[in-house]
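*Asks:* Contents of start.cif (mmCIF, C-alpha atoms, pLDDT in the B column; chains and numbers go by the auth columns):
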```
data_upload
loop_
_atom_site.group_PDB
_atom_site.id
_atom_site.type_symbol
_atom_site.label_atom_id
_atom_site.label_comp_id
_atom_site.label_asym_id
_atom_site.label_seq_id
_atom_site.Cartn_x
_atom_site.Cartn_y
_atom_site.Cartn_z
_atom_site.B_iso_or_equiv
_atom_site.auth_seq_id
_atom_site.auth_asym_id
ATOM 1 C CA MET A 1 0.000 0.000 0.000 41.00 30 P
ATOM 2 C CA PRO A 2 1.497 3.368 -0.980 45.00 31 P
ATOM 3 C CA ASN A 3 2.367 5.658 1.892 51.00 32 P
ATOM 4 C CA PRO A 4 0.741 9.101 1.472 48.00 33 P
ATOM 5 C CA GLU A 5 3.726 10.598 3.299 53.00 34 P
ATOM 6 C CA SER A 6 6.165 9.168 0.707 58.00 35 P
ATOM 7 C CA ALA A 7 6.648 12.459 -1.102 62.00 36 P
ATOM 8 C CA GLY A 8 8.902 13.750 1.664 77.00 37 P
ATOM 9 C CA SER A 9 11.065 10.658 1.640 93.00 38 P
ATOM 10 C CA VAL A 10 11.757 10.357 -2.106 96.00 39 P
ATOM 11 C CA LEU A 11 14.693 12.115 -3.777 97.00 40 P
ATOM 12 C CA ALA A 12 15.647 12.740 -7.397 98.00 41 P
ATOM 13 C CA VAL A 13 19.449 12.501 -7.569 98.00 42 P
ATOM 14 C CA LEU A 14 21.285 14.018 -10.530 98.00 43 P
ATOM 15 C CA THR A 15 24.767 13.213 -11.749 98.00 44 P
ATOM 16 C CA THR A 16 26.591 13.737 -15.053 97.00 45 P
ATOM 17 C CA ILE A 17 29.269 11.682 -16.795 97.00 46 P
ATOM 18 C CA ASP A 18 31.307 12.088 -19.990 96.00 47 P
ATOM 19 C CA ASP A 19 30.325 8.898 -21.817 96.00 48 P
ATOM 20 C CA ALA A 20 27.007 7.215 -22.723 97.00 49 P
ATOM 21 C CA ASP A 21 28.248 3.740 -21.769 97.00 50 P
ATOM 22 C CA ARG A 22 29.478 5.004 -18.399 97.00 51 P
ATOM 23 C CA ALA A 23 26.109 6.709 -17.851 98.00 52 P
ATOM 24 C CA GLU A 24 24.321 3.411 -18.493 98.00 53 P
ATOM 25 C CA SER A 25 26.753 1.603 -16.193 98.00 54 P
ATOM 26 C CA LEU A 26 26.053 4.068 -13.363 98.00 55 P
ATOM 27 C CA ALA A 27 22.293 3.854 -13.917 98.00 56 P
ATOM 28 C CA ARG A 28 22.167 0.070 -14.157 98.00 57 P
ATOM 29 C CA GLY A 29 24.582 -0.478 -11.277 98.00 58 P
ATOM 30 C CA ALA A 30 22.642 1.736 -8.882 98.00 59 P
ATOM 31 C CA VAL A 31 19.357 0.019 -9.764 98.00 60 P
ATOM 32 C CA GLU A 32 20.895 -3.468 -9.518 98.00 61 P
ATOM 33 C CA ALA A 33 22.291 -2.551 -6.078 98.00 62 P
ATOM 34 C CA ARG A 34 18.760 -1.404 -5.070 98.00 63 P
ATOM 35 C CA LEU A 35 20.117 2.057 -4.267 98.00 64 P
ATOM 36 C CA ALA A 36 17.820 3.588 -6.891 98.00 65 P
ATOM 37 C CA ALA A 37 14.405 2.405 -8.026 98.00 66 P
ATOM 38 C CA CYS A 38 15.023 3.680 -11.530 98.00 67 P
ATOM 39 C CA ALA A 39 17.267 5.964 -13.524 98.00 68 P
ATOM 40 C CA GLN A 40 16.884 7.942 -16.707 98.00 69 P
ATOM 41 C CA ILE A 41 19.769 8.894 -18.959 98.00 70 P
ATOM 42 C CA SER A 42 19.290 12.117 -20.883 96.00 71 P
ATOM 43 C CA ALA A 43 20.787 12.825 -24.283 91.00 72 P
ATOM 44 C CA PRO A 44 24.108 14.619 -24.278 95.00 73 P
ATOM 45 C CA VAL A 45 24.093 18.048 -22.699 96.00 74 P
ATOM 46 C CA THR A 46 26.697 20.765 -22.875 97.00 75 P
ATOM 47 C CA SER A 47 28.142 21.602 -19.467 96.00 76 P
ATOM 48 C CA VAL A 48 30.021 24.846 -18.840 97.00 77 P
ATOM 49 C CA TYR A 49 31.886 25.009 -15.539 96.00 78 P
ATOM 50 C CA ARG A 50 34.961 26.367 -13.816 96.00 79 P
ATOM 51 C CA TRP A 51 37.620 23.726 -13.057 94.00 80 P
ATOM 52 C CA GLU A 52 41.063 24.438 -11.639 95.00 81 P
ATOM 53 C CA GLY A 53 40.843 28.122 -12.534 96.00 82 P
ATOM 54 C CA ALA A 54 39.685 27.729 -16.135 98.00 83 P
ATOM 55 C CA VAL A 55 36.237 27.797 -17.707 98.00 84 P
ATOM 56 C CA GLU A 56 35.640 24.446 -19.407 96.00 85 P
ATOM 57 C CA THR A 57 32.993 23.138 -21.786 97.00 86 P
ATOM 58 C CA ALA A 58 32.221 19.431 -21.991 96.00 87 P
ATOM 59 C CA ARG A 59 29.677 17.070 -23.506 97.00 88 P
ATOM 60 C CA GLU A 60 28.067 14.996 -20.752 97.00 89 P
ATOM 61 C CA TRP A 61 25.133 12.667 -20.145 98.00 90 P
ATOM 62 C CA GLN A 62 22.765 13.363 -17.265 98.00 91 P
ATOM 63 C CA VAL A 63 21.657 10.485 -15.091 98.00 92 P
ATOM 64 C CA LEU A 64 18.599 11.073 -12.908 98.00 93 P
ATOM 65 C CA LEU A 65 18.127 8.459 -10.195 98.00 94 P
ATOM 66 C CA LYS A 66 15.127 8.063 -7.870 98.00 95 P
ATOM 67 C CA THR A 67 15.809 6.914 -4.309 98.00 96 P
ATOM 68 C CA THR A 68 14.745 7.602 -0.740 97.00 97 P
ATOM 69 C CA VAL A 69 16.200 9.826 1.947 97.00 98 P
ATOM 70 C CA ALA A 70 17.046 6.657 3.890 96.00 99 P
ATOM 71 C CA ARG A 71 19.158 5.258 1.007 97.00 100 P
ATOM 72 C CA TYR A 72 20.727 8.538 -0.147 98.00 101 P
ATOM 73 C CA ALA A 73 24.023 8.223 1.775 98.00 102 P
ATOM 74 C CA GLU A 74 24.583 4.727 0.364 98.00 103 P
ATOM 75 C CA LEU A 75 23.758 5.896 -3.165 98.00 104 P
ATOM 76 C CA GLU A 76 26.114 8.863 -2.863 98.00 105 P
ATOM 77 C CA ALA A 77 28.933 6.628 -1.595 98.00 106 P
ATOM 78 C CA TRP A 78 28.279 4.143 -4.424 98.00 107 P
ATOM 79 C CA LEU A 79 28.298 6.919 -7.040 98.00 108 P
ATOM 80 C CA ARG A 80 31.568 8.330 -5.676 97.00 109 P
ATOM 81 C CA GLU A 81 33.169 4.876 -5.832 97.00 110 P
ATOM 82 C CA HIS A 82 31.991 4.064 -9.371 97.00 111 P
ATOM 83 C CA HIS A 83 31.891 7.489 -11.004 96.00 112 P
ATOM 84 C CA GLY A 84 35.431 8.298 -12.119 91.00 113 P
ATOM 85 C CA TYR A 85 35.359 12.094 -11.784 94.00 114 P
ATOM 86 C CA ALA A 86 37.524 13.643 -9.060 93.00 115 P
ATOM 87 C CA VAL A 87 34.526 15.752 -7.994 95.00 116 P
ATOM 88 C CA PRO A 88 31.366 14.214 -9.448 96.00 117 P
ATOM 89 C CA GLU A 89 28.166 16.204 -9.571 96.00 118 P
ATOM 90 C CA ILE A 90 25.801 14.538 -7.109 98.00 119 P
ATOM 91 C CA VAL A 91 22.776 16.694 -6.362 98.00 120 P
ATOM 92 C CA ALA A 92 19.689 15.469 -4.508 98.00 121 P
ATOM 93 C CA LEU A 93 16.371 17.231 -4.928 97.00 122 P
ATOM 94 C CA PRO A 94 13.383 16.424 -2.716 96.00 123 P
ATOM 95 C CA VAL A 95 10.267 15.172 -4.439 95.00 124 P
ATOM 96 C CA VAL A 96 7.621 17.345 -2.856 93.00 125 P
ATOM 97 C CA ARG A 97 4.626 15.960 -4.761 92.00 126 P
ATOM 98 C CA GLY A 98 3.942 12.935 -6.885 93.00 127 P
ATOM 99 C CA SER A 99 1.693 10.000 -7.564 94.00 128 P
ATOM 100 C CA ALA A 100 1.272 8.022 -4.332 93.00 129 P
ATOM 101 C CA ASP A 101 1.524 4.765 -6.281 95.00 130 P
ATOM 102 C CA TYR A 102 4.794 5.800 -7.933 95.00 131 P
ATOM 103 C CA LEU A 103 6.343 7.153 -4.738 95.00 132 P
ATOM 104 C CA GLY A 104 5.354 3.985 -2.897 95.00 133 P
ATOM 105 C CA TRP A 105 6.947 1.928 -5.676 96.00 134 P
ATOM 106 C CA VAL A 106 10.231 3.869 -5.296 97.00 135 P
ATOM 107 C CA GLU A 107 10.268 3.119 -1.574 95.00 136 P
ATOM 108 C CA THR A 108 9.549 -0.578 -2.171 96.00 137 P
ATOM 109 C CA GLU A 109 12.282 -0.953 -4.782 97.00 138 P
ATOM 110 C CA VAL A 110 15.066 0.483 -2.640 97.00 139 P
ATOM 111 C CA ASP A 111 14.154 -1.362 0.566 86.00 140 P
#
```
Using the file provided, produce a representation of the structure as structure tokens.
*Replies:*
Amino acid sequence: MPNPESAGSVLAVLTTIDDADRAESLARGAVEARLAACAQISAPVTSVYRWEGAVETAREWQVLLKTTVARYAELEAWLREHHGYAVPEIVALPVVRGSADYLGWVETEVD
């Protein structure tokens, strides 16, 4: 049964990576480890950022993972271990509203 309070416990976690195959590996690995219920890989994006004093431009793939607050620390640690960037983008956004059935499914899949 979906928990109506699930919205506050579900997170959308964003990371980026420089290769489509590596993006799929991160997405699949996190789901297989039950640290994320699902992940979507977006088409290449252009990232502009400052790194070691210089402005850089890179082609990257965004990976959006859905997890819970309770599993976030484990997901972050897993991403850091498997990512490959010295300072990977790992940003968690709270899901403040959503379908109760979907949010309940996320919680069930990462238990």
*Asks:* Skipping near chain neighbours, those fewer than 4 positions away, what residues fall within 10 Å of Pro123 (chain P) using all atoms listed in the file, listed as a list in words?
*Replies:*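 My list of contacting residues is Ala36, Gly37, Ser38, Val39, Leu40, Ala41, Val42, Lys95, Thr96, Thr97 and Val98 of chain P.
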*Asks:* Taking 5 positions as the minimum chain separation for residues in the same chain, which residues sit within 10 Å of Gly113 (chain P) when counting all atoms listed in the file? Answer as a VMD selection string.
*Replies:* chain P and resid 46 to 47 51 108
*Asks:* On this structure, which residues satisfy the PyMOL selection byres ((chain P and resi 59) around 10), written as a PyMOL selection string?
*Replies:* chain P and resi 53-58+60-68+94-96+103-105+107-108+111+139
*Asks:* Kindly export the residues of the current selection with C-alpha atoms, as a PDB file, keeping the file's coordinate frame.
*Replies:*
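See result_21.pdb below for the written result:
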```
ATOM      1  CA  GLU P  53      24.321   3.411 -18.493  1.00 98.00           C
ATOM      2  CA  SER P  54      26.753   1.603 -16.193  1.00 98.00           C
ATOM      3  CA  LEU P  55      26.053   4.068 -13.363  1.00 98.00           C
ATOM      4  CA  ALA P  56      22.293   3.854 -13.917  1.00 98.00           C
ATOM      5  CA  ARG P  57      22.167   0.070 -14.157  1.00 98.00           C
ATOM      6  CA  GLY P  58      24.582  -0.478 -11.277  1.00 98.00           C
ATOM      7  CA  VAL P  60      19.357   0.019  -9.764  1.00 98.00           C
ATOM      8  CA  GLU P  61      20.895  -3.468  -9.518  1.00 98.00           C
ATOM      9  CA  ALA P  62      22.291  -2.551  -6.078  1.00 98.00           C
ATOM     10  CA  ARG P  63      18.760  -1.404  -5.070  1.00 98.00           C
ATOM     11  CA  LEU P  64      20.117   2.057  -4.267  1.00 98.00           C
ATOM     12  CA  ALA P  65      17.820   3.588  -6.891  1.00 98.00           C
ATOM     13  CA  ALA P  66      14.405   2.405  -8.026  1.00 98.00           C
ATOM     14  CA  CYS P  67      15.023   3.680 -11.530  1.00 98.00           C
ATOM     15  CA  ALA P  68      17.267   5.964 -13.524  1.00 98.00           C
ATOM     16  CA  LEU P  94      18.127   8.459 -10.195  1.00 98.00           C
ATOM     17  CA  LYS P  95      15.127   8.063  -7.870  1.00 98.00           C
ATOM     18  CA  THR P  96      15.809   6.914  -4.309  1.00 98.00           C
ATOM     19  CA  GLU P 103      24.583   4.727   0.364  1.00 98.00           C
ATOM     20  CA  LEU P 104      23.758   5.896  -3.165  1.00 98.00           C
ATOM     21  CA  GLU P 105      26.114   8.863  -2.863  1.00 98.00           C
ATOM     22  CA  TRP P 107      28.279   4.143  -4.424  1.00 98.00           C
ATOM     23  CA  LEU P 108      28.298   6.919  -7.040  1.00 98.00           C
ATOM     24  CA  HIS P 111      31.991   4.064  -9.371  1.00 97.00           C
ATOM     25  CA  VAL P 139      15.066   0.483  -2.640  1.00 97.00           C
TER      26      VAL P 139
END
```
*Asks:* Quick one: pull the distance between CA of Gln91 (chain P) and CA of Val125 (chain P), Å, one decimal.
*Replies:*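 CA of Val125 (chain P) lies 21.3 Å from CA of Gln91 (chain P).
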*Asks:* Which residues match the PyMOL selection byres ((chain P and resi 119) around 9) in the file above, as a list of chain:residue names?
*Replies:* P:Val42, P:Leu43, P:Thr44, P:Thr45, P:Glu105, P:Leu108, P:Arg109, P:Val116, P:Pro117, P:Glu118, P:Val120, P:Ala121
*Asks:* Can you measure CA of Val74 (chain P) to CA of Thr86 (chain P) for me? One decimal in Å is fine.
*Replies:* 10.3 Å
*Asks:* For the file shown, report as a ChimeraX atom specification the outcome of the PyMOL selection byres ((chain P and resi 80-83) around 12) at residue level.
*Replies:* /P:76-79,84-87,114-117
*Asks:* Using all atoms listed in the file, can you tell me which of P:Leu122, P:Ile70, P:Leu93, P:Val135 comes closest to Ala49 (chain P)?
*Replies:*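 Selected residue with least distance to Ala49 (chain P): P:Ile70.
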*Asks:* When you draw a straight line from CA of Glu89 (chain P) to CA of Pro73 (chain P), how long is it in Å?
*Replies:* 5.3 Å
